[in-house]
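entry04.tsv follows (TSV, C-alpha atoms):
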chain	number	residue	atom	x	y	z
A	1	MET	CA	-20.05	33.03	-19.23
A	2	GLU	CA	-17.05	34.94	-17.88
A	3	SER	CA	-17.67	33.53	-14.38
A	4	ASN	CA	-17.85	29.99	-15.75
A	5	ALA	CA	-14.63	30.49	-17.64
A	6	LYS	CA	-12.89	31.66	-14.49
A	7	THR	CA	-14.19	28.64	-12.55
A	8	GLU	CA	-13.04	26.21	-15.23
A	9	GLY	CA	-9.68	27.95	-15.41
A	10	SER	CA	-9.26	27.74	-11.63
A	11	ALA	CA	-10.11	24.05	-11.57
A	12	GLY	CA	-7.74	23.43	-14.45
A	13	ALA	CA	-4.87	25.26	-12.76
A	14	LYS	CA	-5.39	23.41	-9.47
A	15	ASP	CA	-5.54	20.05	-11.21
A	16	ARG	CA	-2.40	20.80	-13.22
A	17	LEU	CA	-0.54	21.81	-10.07
A	18	ILE	CA	-1.54	18.57	-8.33
A	19	GLU	CA	-0.48	16.49	-11.33
A	20	ALA	CA	2.80	18.39	-11.58
A	21	GLY	CA	3.28	18.01	-7.82
A	22	ILE	CA	2.99	14.23	-8.10
A	23	ASP	CA	5.89	14.15	-10.54
A	24	VAL	CA	8.10	16.79	-8.93
A	25	PHE	CA	7.64	15.66	-5.32
A	26	GLY	CA	8.07	12.07	-6.45
A	27	ASP	CA	11.29	12.74	-8.35
A	28	HIS	CA	12.90	15.20	-5.94
A	29	SER	CA	11.36	14.66	-2.45
A	30	TYR	CA	9.46	17.32	-0.53
A	31	GLU	CA	12.59	19.12	0.63
A	32	ALA	CA	14.27	19.27	-2.78
A	33	ALA	CA	11.17	20.15	-4.78
A	34	THR	CA	10.52	23.85	-5.24
A	35	THR	CA	7.33	25.70	-5.98
A	36	ARG	CA	9.03	27.21	-9.02
A	37	MET	CA	9.73	23.73	-10.45
A	38	ILE	CA	6.12	22.66	-9.88
A	39	ALA	CA	4.61	25.83	-11.33
A	40	LYS	CA	6.83	25.57	-14.40
A	41	LYS	CA	5.84	21.95	-15.00
A	42	ALA	CA	2.15	22.80	-14.51
A	43	GLY	CA	2.42	25.79	-16.84
A	44	VAL	CA	0.90	28.20	-14.32
A	45	ASN	CA	2.07	31.32	-12.50
A	46	ILE	CA	3.97	30.52	-9.32
A	47	ALA	CA	1.53	32.77	-7.42
A	48	ALA	CA	-1.17	30.15	-8.03
A	49	ILE	CA	0.37	27.85	-5.41
A	50	PRO	CA	-0.14	30.12	-2.38
A	51	TYR	CA	-3.45	31.27	-3.87
A	52	TYR	CA	-4.96	27.78	-4.19
A	53	PHE	CA	-3.02	25.77	-1.61
A	54	ASN	CA	-1.65	28.32	0.87
A	55	GLY	CA	1.90	27.32	-0.04
A	56	LYS	CA	4.09	24.31	-0.72
A	57	GLN	CA	2.92	22.31	2.31
A	58	GLY	CA	-0.72	22.72	1.35
A	59	LEU	CA	0.01	21.59	-2.19
A	60	TYR	CA	1.88	18.54	-0.92
A	61	LEU	CA	-1.02	17.57	1.33
A	62	SER	CA	-3.39	17.93	-1.63
A	63	VAL	CA	-1.11	15.70	-3.70
A	64	VAL	CA	-1.14	13.00	-1.02
A	65	GLU	CA	-4.92	13.28	-0.63
A	66	HIS	CA	-5.30	12.87	-4.39
A	67	ILE	CA	-3.20	9.69	-4.35
A	68	VAL	CA	-5.10	8.30	-1.36
A	69	GLU	CA	-8.46	9.01	-3.02
A	70	LYS	CA	-7.36	7.04	-6.08
A	71	LEU	CA	-6.35	4.06	-3.96
A	72	GLN	CA	-9.52	4.27	-1.89
A	73	ALA	CA	-11.61	4.05	-5.05
A	74	PHE	CA	-10.08	0.60	-5.63
A	75	VAL	CA	-10.23	-0.85	-2.12
A	76	GLN	CA	-12.99	0.95	-0.20
A	77	PRO	CA	-15.93	-1.20	-1.42
A	78	THR	CA	-14.07	-4.36	-0.36
A	79	ILE	CA	-13.08	-2.84	3.00
A	80	GLU	CA	-16.72	-2.00	3.64
A	81	MET	CA	-17.71	-5.55	2.69
A	82	VAL	CA	-15.12	-6.90	5.14
A	83	GLY	CA	-16.60	-4.73	7.90
A	84	GLU	CA	-20.12	-5.92	7.16
A	85	GLN	CA	-19.08	-9.57	7.10
A	86	THR	CA	-17.05	-9.22	10.30
A	87	ALA	CA	-20.08	-7.72	12.07
A	88	ARG	CA	-22.03	-10.88	11.28
A	89	GLY	CA	-19.86	-12.88	13.66
A	90	ASP	CA	-20.46	-16.20	11.87
A	91	LEU	CA	-18.08	-15.95	8.94
A	92	ALA	CA	-16.93	-19.32	7.57
A	93	PRO	CA	-13.16	-19.78	7.11
A	94	ALA	CA	-13.51	-20.13	3.33
A	95	GLU	CA	-15.47	-16.85	3.18
A	96	ALA	CA	-12.85	-15.05	5.26
A	97	ILE	CA	-9.97	-16.28	3.08
A	98	LEU	CA	-11.84	-15.24	-0.04
A	99	LEU	CA	-12.29	-11.73	1.35
A	100	VAL	CA	-8.55	-11.48	2.10
A	101	GLU	CA	-7.80	-12.57	-1.45
A	102	THR	CA	-10.28	-10.05	-2.84
A	103	LEU	CA	-8.74	-7.18	-0.89
A	104	LEU	CA	-5.17	-8.13	-1.78
A	105	GLY	CA	-6.23	-8.60	-5.38
A	106	LYS	CA	-7.55	-5.04	-5.44
A	107	MET	CA	-4.22	-3.83	-4.08
A	108	VAL	CA	-2.37	-5.70	-6.81
A	109	ASP	CA	-4.65	-4.22	-9.47
A	110	PHE	CA	-3.81	-0.73	-8.25
A	111	MET	CA	-0.24	-0.84	-6.93
A	112	VAL	CA	1.10	-3.14	-9.64
A	113	GLY	CA	-1.27	-2.84	-12.56
A	114	ALA	CA	-2.60	0.71	-12.55
A	115	PRO	CA	-0.81	3.01	-15.04
A	116	GLU	CA	-0.46	5.78	-12.44
A	117	ALA	CA	1.00	3.48	-9.77
A	118	ALA	CA	4.61	4.18	-10.72
A	119	ARG	CA	4.04	7.93	-10.32
A	120	PHE	CA	2.30	7.53	-6.97
A	121	ALA	CA	4.67	4.94	-5.50
A	122	GLN	CA	7.65	7.22	-4.92
A	123	ILE	CA	5.63	9.56	-2.72
A	124	VAL	CA	3.80	6.82	-0.81
A	125	LEU	CA	6.96	4.78	-0.20
A	126	ARG	CA	8.90	7.86	0.89
A	127	GLU	CA	6.14	8.63	3.41
A	128	HIS	CA	6.60	5.14	4.83
A	129	LEU	CA	10.36	5.56	5.11
A	130	HIS	CA	10.40	9.20	6.20
A	131	PRO	CA	6.89	10.05	7.43
A	132	SER	CA	5.77	13.65	7.40
A	133	SER	CA	2.50	15.09	8.67
A	134	ALA	CA	0.97	13.83	5.42
A	135	TYR	CA	1.47	10.22	6.52
A	136	GLU	CA	-1.56	10.58	8.78
A	137	ILE	CA	-3.65	10.78	5.60
A	138	VAL	CA	-2.07	7.61	4.22
A	139	TYR	CA	-2.35	5.71	7.48
A	140	ASP	CA	-5.82	6.77	8.62
A	141	ARG	CA	-7.54	6.41	5.27
A	142	VAL	CA	-5.72	3.49	3.66
A	143	MET	CA	-3.14	1.57	5.68
A	144	CYS	CA	-5.07	1.24	8.94
A	145	PRO	CA	-8.39	0.13	7.37
A	146	ILE	CA	-6.62	-2.43	5.17
A	147	ILE	CA	-4.50	-3.85	8.01
A	148	ASP	CA	-7.50	-4.03	10.34
A	149	GLY	CA	-9.63	-5.64	7.64
A	150	ILE	CA	-7.10	-8.32	6.72
A	151	ALA	CA	-6.30	-9.02	10.39
A	152	ALA	CA	-10.01	-9.49	11.16
A	153	MET	CA	-10.37	-11.91	8.25
A	154	ILE	CA	-7.32	-13.92	9.30
A	155	ALA	CA	-8.76	-14.19	12.80
A	156	ALA	CA	-12.13	-15.28	11.42
A	157	ALA	CA	-10.53	-17.81	9.09
A	158	THR	CA	-8.36	-19.41	11.76
A	159	GLY	CA	-10.67	-19.08	14.75
A	160	GLN	CA	-7.92	-17.25	16.63
A	161	PRO	CA	-8.43	-14.00	18.54
A	162	LEU	CA	-7.68	-10.68	16.87
A	163	SER	CA	-4.27	-9.58	18.12
A	164	ASP	CA	-1.15	-7.61	17.29
A	165	THR	CA	0.25	-10.78	15.73
A	166	MET	CA	-2.70	-10.84	13.34
A	167	LYS	CA	-1.94	-7.25	12.36
A	168	MET	CA	1.69	-8.14	11.73
A	169	ARG	CA	0.57	-11.00	9.52
A	170	ALA	CA	-1.76	-8.64	7.69
A	171	LEU	CA	1.14	-6.27	7.01
A	172	ALA	CA	3.25	-9.21	5.84
A	173	PHE	CA	0.57	-10.08	3.28
A	174	MET	CA	0.40	-6.45	2.16
A	175	GLY	CA	4.19	-6.44	1.92
A	176	GLN	CA	4.00	-8.98	-0.89
A	177	VAL	CA	2.17	-6.44	-3.02
A	178	MET	CA	4.49	-3.58	-2.09
A	179	ALA	CA	7.54	-5.71	-2.94
A	180	PHE	CA	6.50	-6.03	-6.57
A	181	ARG	CA	6.19	-2.25	-6.85
A	182	VAL	CA	9.46	-1.51	-5.04
A	183	ALA	CA	11.36	-4.27	-6.86
A	184	ARG	CA	9.87	-3.65	-10.29
A	185	GLU	CA	13.31	-3.36	-11.91
A	186	THR	CA	14.37	-6.63	-10.28
A	187	MET	CA	11.39	-8.41	-11.85
A	188	VAL	CA	12.16	-6.84	-15.21
A	189	ARG	CA	15.69	-8.24	-15.08
A	190	ALA	CA	15.11	-11.53	-13.26
A	191	VAL	CA	11.99	-12.71	-15.07
A	192	GLY	CA	12.09	-10.68	-18.26
A	193	PHE	CA	8.92	-8.75	-17.46
A	194	ALA	CA	8.05	-5.60	-19.36
A	195	GLY	CA	7.06	-4.13	-15.99
A	196	TYR	CA	4.04	-4.54	-15.85
A	197	SER	CA	1.68	-5.64	-18.60
A	198	ALA	CA	-1.87	-6.84	-17.88
A	199	GLU	CA	-0.70	-10.44	-18.26
A	200	GLU	CA	2.25	-9.88	-15.91
A	201	THR	CA	-0.02	-8.27	-13.33
A	202	GLN	CA	-2.29	-11.32	-13.44
A	203	MET	CA	0.70	-13.62	-12.91
A	204	ILE	CA	1.78	-11.58	-9.88
A	205	ARG	CA	-1.78	-11.57	-8.59
A	206	ARG	CA	-1.98	-15.36	-8.83
A	207	VAL	CA	1.34	-15.91	-7.03
A	208	ILE	CA	0.46	-13.52	-4.18
A	209	LEU	CA	-2.99	-15.01	-3.65
A	210	GLU	CA	-1.66	-18.59	-3.74
A	211	GLN	CA	0.98	-17.72	-1.13
A	212	THR	CA	-1.57	-15.92	1.02
A	213	ARG	CA	-4.04	-18.79	0.96
A	214	GLY	CA	-1.27	-21.28	1.76
A	215	ALA	CA	-0.05	-19.17	4.68
A	216	ILE	CA	-3.51	-18.82	6.20
A	217	GLU	CA	-4.32	-22.50	5.76
A	218	SER	CA	-1.03	-23.41	7.46
A	219	MET	CA	-2.26	-21.55	10.55
A	220	PHE	CA	-5.00	-24.19	10.93
A	221	ARG	CA	-2.28	-26.76	11.54
A	222	SER	CA	-0.15	-24.63	13.89

Give the structure from this file in structure tokens form.
Amino acid sequence: MESNAKTEGSAGAKDRLIEAGIDVFGDHSYEAATTRMIAKKAGVNIAAIPYYFNGKQGLYLSVVEHIVEKLQAFVQPTIEMVGEQTARGDLAPAEAILLVETLLGKMVDFMVGAPEAARFAQIVLREHLHPSSAYEIVYDRVMCPIIDGIAAMIAAATGQPLSDTMKMRALAFMGQVMAFRVARETMVRAVGFAGYSAEETQMIRRVILEQTRGAIESMFRS
């Protein structure tokens, strides 16, 4: 019983430190955040950070891994489906466009609609602007698979070869989703959104998917 209690206590302390790290690193940046601030917010002894994470850097990496795991849970099944369909080699344009829409729709559901998205966004966006060693986690496990998947589907839909241009187009499509997270306050003021309800998320989803489909279909005529 005592051993179980210690295990549960350890897991609880680690989880609280990660949750506190999300808020503190997000609000203050890696450089400005201190282990004392994080430990205080988590309600644990400051010695728990070097004990569980080998210091501030280890905690930050665990925070980023936690965020990436949450995003992967949304998009990984669709990314795997894209890989399977690409391997077939006979994907119809309509099927390819639908897969792009499915993947972008999953991103909207998470980055715009998920309750935790606002907490995660500050860290993820800061890693894009000022990448640290933790960006490798974001890129290798999320950004690269999504870009490669969308690029492959655009190539399949248009009958054009996979190229760097296709990857740039893939990032442009992803950028639509990121814009609604970055510019949340703009949408609140410009459109009167609450920022973001389930209904508002669906409206954003519809606009992004309509624009994406239109952009891909225009490539048939170019």

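Distances to Phe74 of chain A were evaluated for A:Lys56, A:Ala87, A:Asp109, A:Thr35 using only C-alpha atoms, and the minimum falls at A:Asp109.
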
(message) List as a PyMOL selection string the protein and nucleic acid residues near segment 188-196 of chain A, meaning an atom at most 10 Å away when only C-alpha atoms are counted, but skip any in the same chain fewer than 5 places from it.
(response) chain A and resi 112-115+180-181+183+201-202+204

(request) Find the distance between atom CA of Asn54 of chain A and atom CA of Ala20 of chain A and write it in Å to one decimal. (result)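 Going from atom CA of Asn54 of chain A over to atom CA of Ala20 of chain A, I get 16.5 Å.
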
(request) Pick out the residues sitting within 10 Å of Arg213 of chain A, and hand them over as an NGL selection string; count all atoms listed in the file, and ignore anything fewer than 5 positions along from it in its own chain. (result) :A and (94 or 97-98 or 100-101 or 208 or 218)

(message) I'd like the neighbourhood of Ala215 of chain A as a ChimeraX atom specification, where a residue qualifies if any of its atoms comes within 12 Å (using only C-alpha atoms), though same-chain residues fewer than 3 positions away should be ignored.
(response) /A:97,100-101,154,157-158,169-170,172-173,208-212,218-222

(request) Go through A:Pro131, A:Gly26, A:Pro50, A:Gly105 and flag the residue nearest Ala118 of chain A, using all atoms listed in the file for the distances. (result)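 Once distances to Ala118 of chain A are computed over all atoms listed in the file, the minimum belongs to A:Gly26.
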
(request) State, in Å with one decimal place, the distance from atom CA of Ile46 of chain A to atom CA of Phe120 of chain A. (result)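 Atom CA of Phe120 of chain A lies 23.2 Å from atom CA of Ile46 of chain A.
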
(request) Between A:Ile216, A:Ala13, A:Met107, A:Met174, single out the one closest to Ala73 of chain A, counting all atoms listed in the file. (result) A:Met107

List as a short mmCIF file (atom, residue, chain, number, x, y, z; two decimals) with C-alpha atoms, keeping the file's coordinate frame the protein and nucleic acid residues near Lys40 of chain A, meaning an atom at most 12 Å away when all atoms listed in the file are counted, but skip any in the same chain fewer than 2 places from it.
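The resulting file, out28.cif, is shown below:
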data_model
loop_
_atom_site.label_atom_id
_atom_site.label_comp_id
_atom_site.auth_asym_id
_atom_site.auth_seq_id
_atom_site.Cartn_x
_atom_site.Cartn_y
_atom_site.Cartn_z
CA ALA A 13 -4.87 25.26 -12.76
CA ARG A 16 -2.40 20.80 -13.22
CA LEU A 17 -0.54 21.81 -10.07
CA ALA A 20 2.80 18.39 -11.58
CA GLY A 21 3.28 18.01 -7.82
CA VAL A 24 8.10 16.79 -8.93
CA ALA A 33 11.17 20.15 -4.78
CA THR A 34 10.52 23.85 -5.24
CA THR A 35 7.33 25.70 -5.98
CA ARG A 36 9.03 27.21 -9.02
CA MET A 37 9.73 23.73 -10.45
CA ILE A 38 6.12 22.66 -9.88
CA ALA A 42 2.15 22.80 -14.51
CA GLY A 43 2.42 25.79 -16.84
CA VAL A 44 0.90 28.20 -14.32
CA ASN A 45 2.07 31.32 -12.50
CA ILE A 46 3.97 30.52 -9.32
CA ALA A 47 1.53 32.77 -7.42
CA ALA A 48 -1.17 30.15 -8.03
CA ILE A 49 0.37 27.85 -5.41
#

With only C-alpha atoms counted and 8 Å as the cut-off, give the residues of segment 1-88 of chain A in contact with segment 141-146 of chain A, each with its shortest interatomic distance in Å and the pair that gives it, as JSON lines.
{"residue": "A:Val68", "atom": "CA", "partner": "A:Val142", "partner_atom": "CA", "distance": 7.0}
{"residue": "A:Leu71", "atom": "CA", "partner": "A:Val142", "partner_atom": "CA", "distance": 7.7}
{"residue": "A:Gln72", "atom": "CA", "partner": "A:Val142", "partner_atom": "CA", "distance": 6.8}
{"residue": "A:Ile79", "atom": "CA", "partner": "A:Ile146", "partner_atom": "CA", "distance": 6.8}

(message) I'd like to know which of A:Leu61, A:Leu104, A:Met166, A:Leu99 is closest to Met81 of chain A, using all atoms listed in the file.
(response)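 Nearest candidate to Met81 of chain A out of A:Leu61, A:Leu104, A:Met166, A:Leu99: A:Leu99.
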
(request) Go through A:Gly214, A:Met187, A:Lys106, A:Met153 and flag the residue nearest Leu91 of chain A, using all atoms listed in the file for the distances. (result)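 Going through A:Gly214, A:Met187, A:Lys106, A:Met153 one by one, the smallest distance to Leu91 of chain A is for A:Met153.
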
(request) Show which residues sit within 12 Å of Asp164 of chain A, as a ChimeraX atom specification. Count all atoms listed in the file, and ignore same-chain residues fewer than 2 positions away. (result) /A:147-148,151-152,154-155,160-162,166-171

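Proximity to Ile123 of chain A was assessed for A:Glu95, A:Glu65, A:Asp15, A:Glu199 counting all atoms listed in the file; the smallest distance is recorded for A:Glu65.
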
(request) Just give me the gap between atom CA of Ile150 of chain A and atom CA of Met203 of chain A in Å, one decimal is fine. (result)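 For atom CA of Ile150 of chain A relative to atom CA of Met203 of chain A, the distance reads 21.8 Å.
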
(request) Around the point (-4.4, 16.6, -5.8), in the coordinates given by the file, pick out the residues reaching within 7 Å, counting all atoms listed in the file, and return them as number ranges by chain. (result) A: 15, 18-19, 62-66

Could you write out the selected residues, including C-alpha atoms, as a PDB file, keeping the file's coordinate frame?
ATOM      1  CA  ASP A  15      -5.540  20.050 -11.210  1.00  0.00           C
ATOM      2  CA  ILE A  18      -1.540  18.570  -8.330  1.00  0.00           C
ATOM      3  CA  GLU A  19      -0.480  16.490 -11.330  1.00  0.00           C
ATOM      4  CA  SER A  62      -3.390  17.930  -1.630  1.00  0.00           C
ATOM      5  CA  VAL A  63      -1.110  15.700  -3.700  1.00  0.00           C
ATOM      6  CA  VAL A  64      -1.140  13.000  -1.020  1.00  0.00           C
ATOM      7  CA  GLU A  65      -4.920  13.280  -0.630  1.00  0.00           C
ATOM      8  CA  HIS A  66      -5.300  12.870  -4.390  1.00  0.00           C
TER       9      HIS A  66
END
